[in-house]
>>> print(open('work.tsv').read())   # TSV, C-alpha atoms and all ligand atoms
chain	number	residue	atom	x	y	z
X	199	MET	CA	17.78	-46.42	-25.65
X	200	ALA	CA	19.71	-43.46	-24.30
X	201	VAL	CA	21.04	-41.18	-27.04
X	202	ARG	CA	24.18	-39.26	-26.19
X	203	GLU	CA	24.47	-35.71	-27.51
X	204	ALA	CA	27.58	-35.08	-29.63
X	205	ASN	CA	28.14	-31.67	-28.06
X	206	PRO	CA	26.22	-31.38	-24.81
X	207	VAL	CA	25.76	-27.90	-23.36
X	208	PRO	CA	27.62	-27.79	-20.04
X	209	ARG	CA	25.15	-28.08	-17.13
X	210	SER	CA	26.63	-25.11	-15.32
X	211	ARG	CA	27.64	-22.12	-17.40
X	212	GLU	CA	29.94	-20.87	-14.64
X	213	GLY	CA	33.68	-21.16	-14.92
X	214	ASP	CA	35.40	-23.84	-12.94
X	215	GLY	CA	38.74	-22.15	-12.46
X	216	TRP	CA	39.92	-19.03	-10.62
X	217	PHE	CA	37.72	-16.77	-12.71
X	218	ARG	CA	33.94	-17.08	-12.80
X	219	LEU	CA	31.30	-15.04	-14.52
X	220	GLY	CA	28.08	-14.84	-12.56
X	221	ARG	CA	24.77	-14.94	-14.42
X	222	ARG	CA	24.44	-11.17	-14.79
X	223	TRP	CA	28.06	-10.64	-15.79
X	224	ARG	CA	27.93	-13.49	-18.30
X	225	ARG	CA	24.88	-11.91	-19.95
X	226	THR	CA	26.47	-8.45	-19.97
X	227	VAL	CA	29.74	-9.71	-21.46
X	228	LEU	CA	27.83	-11.83	-24.00
X	229	VAL	CA	25.85	-8.77	-25.14
X	230	ILE	CA	29.09	-6.76	-25.58
X	231	HIS	CA	30.62	-9.76	-27.40
X	232	ILE	CA	27.72	-10.04	-29.85
X	233	VAL	CA	27.52	-6.26	-30.39
X	234	SER	CA	31.28	-6.01	-31.06
X	235	ALA	CA	31.12	-8.97	-33.47
X	236	GLY	CA	28.15	-7.30	-35.23
X	237	ALA	CA	30.01	-3.97	-35.42
X	238	TRP	CA	33.05	-5.74	-36.86
X	239	ILE	CA	30.93	-7.41	-39.56
X	240	GLY	CA	29.22	-4.07	-40.30
X	241	ILE	CA	32.56	-2.28	-40.72
X	242	ASP	CA	33.69	-5.08	-43.05
X	243	VAL	CA	30.58	-4.59	-45.19
X	244	MET	CA	31.39	-0.86	-45.29
X	245	VAL	CA	34.96	-1.67	-46.40
X	246	ALA	CA	33.61	-3.90	-49.18
X	247	ILE	CA	31.28	-1.11	-50.38
X	248	LEU	CA	34.10	1.50	-50.33
X	249	VAL	CA	36.50	-0.84	-52.15
X	250	LEU	CA	33.90	-1.61	-54.85
X	251	THR	CA	33.05	2.11	-55.18
X	252	GLY	CA	36.79	2.89	-55.45
X	253	ARG	CA	37.10	0.33	-58.19
X	254	PHE	CA	33.91	0.78	-60.20
X	255	GLY	CA	32.69	4.27	-59.16
X	256	THR	CA	31.12	6.40	-61.90
X	257	THR	CA	33.69	9.24	-61.81
X	258	ASP	CA	37.30	9.59	-60.67
X	259	GLU	CA	36.13	12.03	-58.00
X	260	VAL	CA	33.72	9.50	-56.48
X	261	ARG	CA	36.37	6.76	-56.69
X	262	GLY	CA	38.97	9.02	-55.08
X	263	LEU	CA	36.62	9.98	-52.24
X	264	ALA	CA	35.85	6.31	-51.57
X	265	TYR	CA	39.58	5.52	-51.24
X	266	GLN	CA	40.12	8.52	-48.99
X	267	ALA	CA	37.24	7.47	-46.73
X	268	LEU	CA	38.69	3.95	-46.63
X	269	ALA	CA	42.10	5.26	-45.59
X	270	THR	CA	40.72	7.67	-42.99
X	271	PHE	CA	37.85	5.99	-41.17
X	272	VAL	CA	38.09	2.24	-41.36
X	273	VAL	CA	41.13	0.55	-39.82
X	274	TRP	CA	41.01	1.72	-36.20
X	275	PRO	CA	37.28	1.15	-35.61
X	276	MET	CA	37.73	-2.29	-37.17
X	277	LEU	CA	40.68	-3.10	-34.91
X	278	VAL	CA	38.86	-1.82	-31.81
X	279	SER	CA	35.77	-3.96	-32.51
X	280	GLY	CA	38.00	-6.98	-33.27
X	281	LEU	CA	39.93	-6.55	-30.01
X	282	LEU	CA	36.71	-6.01	-28.02
X	283	CYS	CA	35.31	-9.19	-29.54
X	284	LEU	CA	38.55	-10.99	-28.61
X	285	VAL	CA	38.64	-9.73	-25.01
X	286	THR	CA	34.96	-10.49	-24.34
X	287	GLY	CA	35.36	-13.88	-26.07
X	288	LEU	CA	38.33	-14.66	-23.79
X	289	ALA	CA	36.27	-13.63	-20.73
X	290	LEU	CA	33.36	-15.81	-21.87
X	291	GLY	CA	35.66	-18.76	-22.48
X	292	LEU	CA	37.60	-18.44	-19.23
X	293	GLY	CA	34.62	-17.45	-17.11
X	294	THR	CA	32.24	-20.19	-18.21
X	295	ARG	CA	32.40	-23.95	-18.57
X	296	TRP	CA	33.13	-23.56	-22.29
X	297	GLY	CA	36.81	-22.92	-21.56
X	298	LEU	CA	39.33	-21.74	-24.14
X	299	LEU	CA	40.91	-25.05	-25.07
X	300	ARG	CA	38.04	-27.39	-24.23
X	301	TYR	CA	35.78	-27.19	-27.28
X	302	TRP	CA	36.85	-27.11	-30.92
X	303	TRP	CA	34.37	-24.35	-31.83
X	304	VAL	CA	35.86	-21.99	-29.21
X	305	LEU	CA	39.45	-22.78	-30.24
X	306	VAL	CA	38.71	-22.22	-33.94
X	307	LYS	CA	36.97	-18.91	-33.14
X	308	LEU	CA	39.92	-17.82	-31.02
X	309	THR	CA	42.32	-18.65	-33.86
X	310	LEU	CA	40.21	-16.79	-36.44
X	311	ASN	CA	39.96	-13.73	-34.19
X	312	LEU	CA	43.73	-13.64	-33.54
X	313	VAL	CA	44.59	-14.13	-37.23
X	314	LEU	CA	42.16	-11.41	-38.37
X	315	CYS	CA	43.39	-8.85	-35.79
X	316	THR	CA	46.99	-9.60	-36.77
X	317	LEU	CA	46.15	-9.16	-40.47
X	318	ILE	CA	44.51	-5.78	-39.77
X	319	LEU	CA	47.73	-4.62	-38.10
X	320	VAL	CA	50.37	-6.11	-40.41
X	321	ALA	CA	48.61	-6.27	-43.81
X	322	LEU	CA	45.87	-3.60	-43.88
X	323	GLN	CA	47.01	-0.69	-41.72
X	324	PRO	CA	50.51	-0.15	-43.23
X	325	GLY	CA	49.06	0.33	-46.75
X	326	MET	CA	46.44	2.91	-45.80
X	327	ASP	CA	48.61	6.02	-46.38
X	328	GLU	CA	49.22	4.81	-49.92
X	329	VAL	CA	45.48	4.26	-50.44
X	330	GLY	CA	44.75	7.80	-49.15
X	331	ASP	CA	47.37	9.29	-51.53
X	332	TYR	CA	45.91	7.32	-54.41
X	333	GLY	CA	42.42	8.59	-53.54
X	334	ARG	CA	43.63	12.22	-53.39
X	335	ASP	CA	45.42	11.86	-56.76
X	336	LEU	CA	42.31	10.41	-58.35
X	337	ALA	CA	39.98	13.07	-56.92
X	338	ASN	CA	42.38	15.84	-58.03
X	339	GLY	CA	42.50	14.43	-61.55
X	340	ALA	CA	46.21	13.52	-61.52
X	341	SER	CA	47.08	11.94	-64.86
X	342	GLU	CA	48.97	9.03	-63.34
X	343	PRO	CA	47.81	8.27	-59.82
X	344	ALA	CA	50.01	6.05	-57.65
X	345	VAL	CA	49.43	2.32	-57.97
X	346	ILE	CA	47.75	0.44	-55.11
X	347	SER	CA	47.50	-3.27	-54.50
X	348	ASP	CA	44.25	-5.20	-54.75
X	349	LEU	CA	41.94	-4.28	-51.89
X	350	VAL	CA	39.17	-6.76	-52.62
X	351	PHE	CA	40.78	-9.57	-50.60
X	352	PRO	CA	40.74	-8.07	-47.06
X	353	PRO	CA	36.95	-7.63	-46.79
X	354	ALA	CA	36.30	-10.91	-48.64
X	355	VAL	CA	38.57	-12.94	-46.32
X	356	SER	CA	37.38	-11.16	-43.18
X	357	LEU	CA	33.66	-11.46	-43.98
X	358	THR	CA	34.06	-15.17	-44.75
X	359	ALA	CA	35.95	-15.79	-41.48
X	360	LEU	CA	33.49	-13.76	-39.38
X	361	THR	CA	30.51	-15.54	-40.93
X	362	LEU	CA	32.18	-18.87	-40.11
X	363	ALA	CA	32.82	-17.68	-36.52
X	364	THR	CA	29.14	-16.70	-36.16
X	365	VAL	CA	27.99	-20.08	-37.49
X	366	LEU	CA	30.36	-21.83	-35.04
X	367	ALA	CA	29.06	-19.71	-32.14
X	368	VAL	CA	25.47	-20.66	-32.88
X	369	ALA	CA	25.91	-24.33	-33.94
X	370	LYS	CA	28.75	-25.18	-31.51
X	371	PRO	CA	29.82	-28.21	-33.58
X	372	TRP	CA	32.55	-30.87	-33.23
X	373	GLY	CA	32.37	-31.48	-29.48
X	374	ARG	CA	35.24	-31.54	-27.00
X	375	ILE	CA	38.94	-31.48	-27.69
X	376	ARG	CA	40.28	-34.81	-26.51
X	377	ARG	CA	43.38	-34.69	-24.40
X	378	VAL	CA	46.05	-37.23	-25.28
X	379	ARG	CA	46.44	-39.36	-22.17
X	380	ARG	CA	49.93	-40.42	-21.29
X	381	THR	CA	50.01	-44.05	-20.24
X	382	ARG	CA	52.39	-44.87	-17.47
X	383	ARG	CA	54.66	-47.77	-18.04
J	401	LIG	C1	35.84	-14.18	-34.47
J	401	LIG	C2	34.87	-13.40	-34.09
J	401	LIG	C3	33.73	-13.89	-33.22
J	401	LIG	C4	32.41	-13.86	-33.54
J	401	LIG	C5	31.81	-13.35	-34.85
J	401	LIG	C6	31.68	-14.41	-32.42
J	401	LIG	C7	30.31	-14.52	-32.34
J	401	LIG	C8	29.62	-15.02	-31.26
J	401	LIG	C9	28.19	-15.07	-31.12
J	401	LIG	C10	27.20	-14.54	-32.19
J	401	LIG	C11	27.89	-15.66	-29.94
J	401	LIG	C12	26.50	-15.91	-29.35
J	401	LIG	C13	26.10	-17.35	-29.61
J	401	LIG	C14	24.89	-17.79	-28.80
J	401	LIG	O1	24.63	-17.24	-27.71
J	401	LIG	O2	24.19	-18.70	-29.30
J	401	LIG	C15	29.14	-16.01	-29.31
J	401	LIG	C16	29.26	-16.67	-28.11
J	401	LIG	C17	30.44	-17.10	-27.57
J	401	LIG	N1	31.70	-16.79	-28.02
J	401	LIG	FE1	32.16	-15.72	-29.68
J	401	LIG	N2	32.59	-14.77	-31.44
J	401	LIG	C18	33.85	-14.46	-31.89
J	401	LIG	C19	35.03	-14.63	-31.20
J	401	LIG	C20	35.16	-15.37	-30.03
J	401	LIG	C21	36.40	-15.69	-29.36
J	401	LIG	C22	37.79	-15.22	-29.81
J	401	LIG	C23	36.10	-16.47	-28.28
J	401	LIG	C24	36.99	-17.10	-27.24
J	401	LIG	C25	38.27	-16.98	-27.15
J	401	LIG	C26	34.67	-16.62	-28.24
J	401	LIG	C27	33.98	-17.34	-27.29
J	401	LIG	C28	32.61	-17.40	-27.19
J	401	LIG	C29	31.91	-18.17	-26.16
J	401	LIG	C30	32.55	-19.00	-25.05
J	401	LIG	C31	30.54	-17.97	-26.39
J	401	LIG	C32	29.37	-18.60	-25.62
J	401	LIG	C33	29.03	-17.74	-24.43
J	401	LIG	C34	27.92	-18.36	-23.60
J	401	LIG	O3	26.91	-18.81	-24.17
J	401	LIG	O4	28.09	-18.35	-22.40
J	401	LIG	N3	34.13	-15.93	-29.32
J	401	LIG	N4	30.18	-15.60	-30.13
>>> encode(input="work.tsv", output="C-alpha cells")
Amino acid sequence: MAVREANPVPRSREGDGWFRLGRRWRRTVLVIHIVSAGAWIGIDVMVAILVLTGRFGTTDEVRGLAYQALATFVVWPMLVSGLLCLVTGLALGLGTRWGLLRYWWVLVKLTLNLVLCTLILVALQPGMDEVGDYGRDLANGASEPAVISDLVFPPAVSLTALTLATVLAVAKPWGRIRRVRRTRR
C-alpha cells in the first residue's frame, strides 16, 4: 500500500516564479539565514542575562552597569539580525519551491519574524533611554532611581517565538496551505 507523506519535500528546491535560487546561492543564503537566526537567539540570551543581572545583581553598581549595557548595546544588533533573518527567509521562500504562502510552517515563521521585528521597534527601542538613565542612577547611588517597566517579558517572548520558529524550520509540519477553490455556477 502506498503511504502518502503529510508534508512531502518538494522534488525541486528551485523557485518556480520569476526569481530562482540556484544550488550554490540557495546554500549561501541558507547559511546566512541560519547564522542570523543563531545570532538573534544569542543576543536574546544576552538580554535575558542582563535583565536578570539588573534585577538580582549583588550590588547597585553591578545592577546599574547591566541596565546601561542593555540600553547601549542590545537593540540595534538584535534588529539587524532579525531583519537579516527576515530578508534571507524571504529570499529562501521566494527562490525555492517552499514559497511564502504555500506551506503553513513558512507562513507562521514569516508572521513570527514580522511581529518580533515590529515589537523591537515599537516596544523595546523607545524605552531604552529610560533604562539607561535608570542604570546610571543606580550605579551612581541615587536614592530614588527612575522607575522602569518590567523587562523580563521581551526576552522571554522572543526566545519562545524563536525556538518555535527553529522547531518549525526543522520539522516543517502541517503541510500545504489549501487554497479555497471558487466553484463556477
Ligand atoms: C523567525 C525566525 C526564523 C528562524 C529562527 C529560522 C530558522 C531556520 C532554520 C534553522 C532553517 C534551516 C532548517 C533546515 O535546513 O532544516 C530555516 C530554513 C528555512 N527558513 Fe527560516 N527561520 C526564521 C525565519 C524565516 C522566515 C521569515 C522565512 C520566510 C519568510 C523563512 C523561510 C525559511 C525557508 C523557506 C527555509 C528552508 C530553506 C531550504 O531548505 O531551502 N524563515 N529557517
>>> closest_residue(input="work.tsv", among="X:Cys283, X:Ile230, X:Met276, X:Leu319", to="ligand LIG 401 (chain J)", atoms="all atoms listed in the file")
X:Cys283
>>> residues_around(input="work.tsv", residues="Leu290 in chain X", least_positions_apart="6", cutoff="8 Å", atoms="all atoms listed in the file", output="number ranges by chain")
X: 219, 224, 227-228, 296-297
>>> residues_near_ligand(input="work.tsv", ligand="ligand LIG 401 (chain J)", cutoff="9 Å", atoms="only C-alpha atoms and all ligand atoms", output="ChimeraX atom specification")
/X:211-212,224-225,227-229,231-236,238-239,280-281,283-299,303-312,314,359-370
>>> atom_distance(input="work.tsv", atom1="CA of Glu259 in chain X", atom2="CA of Pro275 in chain X")
24.9 Å
>>> atom_distance(input="work.tsv", atom1="CA of Ser347 in chain X", atom2="CA of Leu282 in chain X")
28.7 Å
>>> residues_around(input="work.tsv", residues="Arg377 in chain X", least_positions_apart="4", cutoff="12 Å", atoms="all atoms listed in the file", output="tab-separated table (two decimals) with C-alpha atoms, in the coordinates of the input")
chain	number	residue	atom	x	y	z
X	299	LEU	CA	40.91	-25.05	-25.07
X	300	ARG	CA	38.04	-27.39	-24.23
X	301	TYR	CA	35.78	-27.19	-27.28
X	302	TRP	CA	36.85	-27.11	-30.92
>>> atom_distance(input="work.tsv", atom1="CA of Val243 in chain X", atom2="CA of Asn338 in chain X")
26.9 Å
>>> residues_near_point(input="work.tsv", point="(46.3, -6.0, -53.6)", cutoff="12 Å", atoms="all atoms listed in the file", output="list in words")
Val249, Ala321, Leu322, Gly325, Met326, Glu328, Val329, Val345, Ile346, Ser347, Asp348, Leu349, Val350, Phe351, Pro352 and Pro353 of chain X
>>> write_last_selection(input="work.tsv", atoms="C-alpha atoms", output="compact mmCIF listing (two decimals), in the frame of the given file")
# COMPACT_ATOMS: atom_id res chain seq x y z
CA VAL X 249 36.50 -0.84 -52.15
CA ALA X 321 48.61 -6.27 -43.81
CA LEU X 322 45.87 -3.60 -43.88
CA GLY X 325 49.06 0.33 -46.75
CA MET X 326 46.44 2.91 -45.80
CA GLU X 328 49.22 4.81 -49.92
CA VAL X 329 45.48 4.26 -50.44
CA VAL X 345 49.43 2.32 -57.97
CA ILE X 346 47.75 0.44 -55.11
CA SER X 347 47.50 -3.27 -54.50
CA ASP X 348 44.25 -5.20 -54.75
CA LEU X 349 41.94 -4.28 -51.89
CA VAL X 350 39.17 -6.76 -52.62
CA PHE X 351 40.78 -9.57 -50.60
CA PRO X 352 40.74 -8.07 -47.06
CA PRO X 353 36.95 -7.63 -46.79
>>> build_atoms(input="work.tsv", residues="range 248-272 of chain X", atoms="N, CA, C and O atoms", output="CSV table (one decimal), in the coordinates of the input")
chain,number,residue,atom,x,y,z
X,248,LEU,N,33.1,0.4,-49.9
X,248,LEU,CA,34.1,1.5,-50.3
X,248,LEU,C,35.1,1.0,-51.4
X,248,LEU,O,35.4,1.7,-52.3
X,249,VAL,N,35.5,-0.3,-51.2
X,249,VAL,CA,36.5,-0.8,-52.2
X,249,VAL,C,35.8,-1.0,-53.5
X,249,VAL,O,36.4,-0.6,-54.6
X,250,LEU,N,34.6,-1.5,-53.6
X,250,LEU,CA,33.9,-1.6,-54.8
X,250,LEU,C,33.6,-0.3,-55.5
X,250,LEU,O,33.8,-0.1,-56.7
X,251,THR,N,33.3,0.8,-54.6
X,251,THR,CA,33.0,2.1,-55.2
X,251,THR,C,34.4,2.7,-55.7
X,251,THR,O,34.4,3.3,-56.8
X,252,GLY,N,35.5,2.4,-55.0
X,252,GLY,CA,36.8,2.9,-55.4
X,252,GLY,C,37.2,2.3,-56.8
X,252,GLY,O,37.8,2.9,-57.6
X,253,ARG,N,36.7,1.0,-57.0
X,253,ARG,CA,37.1,0.3,-58.2
X,253,ARG,C,36.2,0.7,-59.4
X,253,ARG,O,36.7,0.9,-60.5
X,254,PHE,N,34.9,0.7,-59.1
X,254,PHE,CA,33.9,0.8,-60.2
X,254,PHE,C,33.1,2.1,-60.2
X,254,PHE,O,32.1,2.2,-60.9
X,255,GLY,N,33.5,3.0,-59.3
X,255,GLY,CA,32.7,4.3,-59.2
X,255,GLY,C,32.5,5.0,-60.5
X,255,GLY,O,33.4,4.8,-61.4
X,256,THR,N,31.5,5.8,-60.6
X,256,THR,CA,31.1,6.4,-61.9
X,256,THR,C,32.1,7.4,-62.4
X,256,THR,O,32.5,7.5,-63.5
X,257,THR,N,32.7,8.2,-61.4
X,257,THR,CA,33.7,9.2,-61.8
X,257,THR,C,34.9,9.1,-61.0
X,257,THR,O,34.9,8.4,-59.9
X,258,ASP,N,36.0,9.7,-61.4
X,258,ASP,CA,37.3,9.6,-60.7
X,258,ASP,C,37.2,10.3,-59.3
X,258,ASP,O,37.8,9.9,-58.3
X,259,GLU,N,36.3,11.3,-59.3
X,259,GLU,CA,36.1,12.0,-58.0
X,259,GLU,C,35.5,11.1,-57.0
X,259,GLU,O,35.9,11.0,-55.8
X,260,VAL,N,34.4,10.4,-57.4
X,260,VAL,CA,33.7,9.5,-56.5
X,260,VAL,C,34.7,8.4,-56.0
X,260,VAL,O,34.8,8.0,-54.9
X,261,ARG,N,35.4,7.8,-57.0
X,261,ARG,CA,36.4,6.8,-56.7
X,261,ARG,C,37.4,7.3,-55.7
X,261,ARG,O,37.7,6.6,-54.7
X,262,GLY,N,37.9,8.5,-56.0
X,262,GLY,CA,39.0,9.0,-55.1
X,262,GLY,C,38.5,9.2,-53.7
X,262,GLY,O,39.1,8.9,-52.7
X,263,LEU,N,37.2,9.7,-53.6
X,263,LEU,CA,36.6,10.0,-52.2
X,263,LEU,C,36.4,8.7,-51.5
X,263,LEU,O,36.6,8.6,-50.3
X,264,ALA,N,36.0,7.6,-52.2
X,264,ALA,CA,35.8,6.3,-51.6
X,264,ALA,C,37.2,5.8,-51.0
X,264,ALA,O,37.2,5.3,-49.8
X,265,TYR,N,38.3,6.0,-51.7
X,265,TYR,CA,39.6,5.5,-51.2
X,265,TYR,C,40.0,6.4,-50.1
X,265,TYR,O,40.6,5.9,-49.1
X,266,GLN,N,39.7,7.7,-50.1
X,266,GLN,CA,40.1,8.5,-49.0
X,266,GLN,C,39.4,8.2,-47.7
X,266,GLN,O,39.9,8.1,-46.6
X,267,ALA,N,38.0,7.9,-47.9
X,267,ALA,CA,37.2,7.5,-46.7
X,267,ALA,C,37.8,6.2,-46.2
X,267,ALA,O,37.9,6.0,-45.0
X,268,LEU,N,38.1,5.2,-47.1
X,268,LEU,CA,38.7,4.0,-46.6
X,268,LEU,C,40.0,4.2,-45.8
X,268,LEU,O,40.1,3.5,-44.7
X,269,ALA,N,40.8,5.0,-46.3
X,269,ALA,CA,42.1,5.3,-45.6
X,269,ALA,C,41.9,6.0,-44.3
X,269,ALA,O,42.7,5.8,-43.3
X,270,THR,N,40.9,6.8,-44.2
X,270,THR,CA,40.7,7.7,-43.0
X,270,THR,C,39.9,7.0,-41.9
X,270,THR,O,40.3,7.1,-40.7
X,271,PHE,N,38.8,6.3,-42.2
X,271,PHE,CA,37.8,6.0,-41.2
X,271,PHE,C,37.8,4.5,-40.8
X,271,PHE,O,37.1,4.2,-39.8
X,272,VAL,N,38.4,3.6,-41.5
X,272,VAL,CA,38.1,2.2,-41.4
X,272,VAL,C,38.9,1.4,-40.4
X,272,VAL,O,38.4,0.7,-39.5
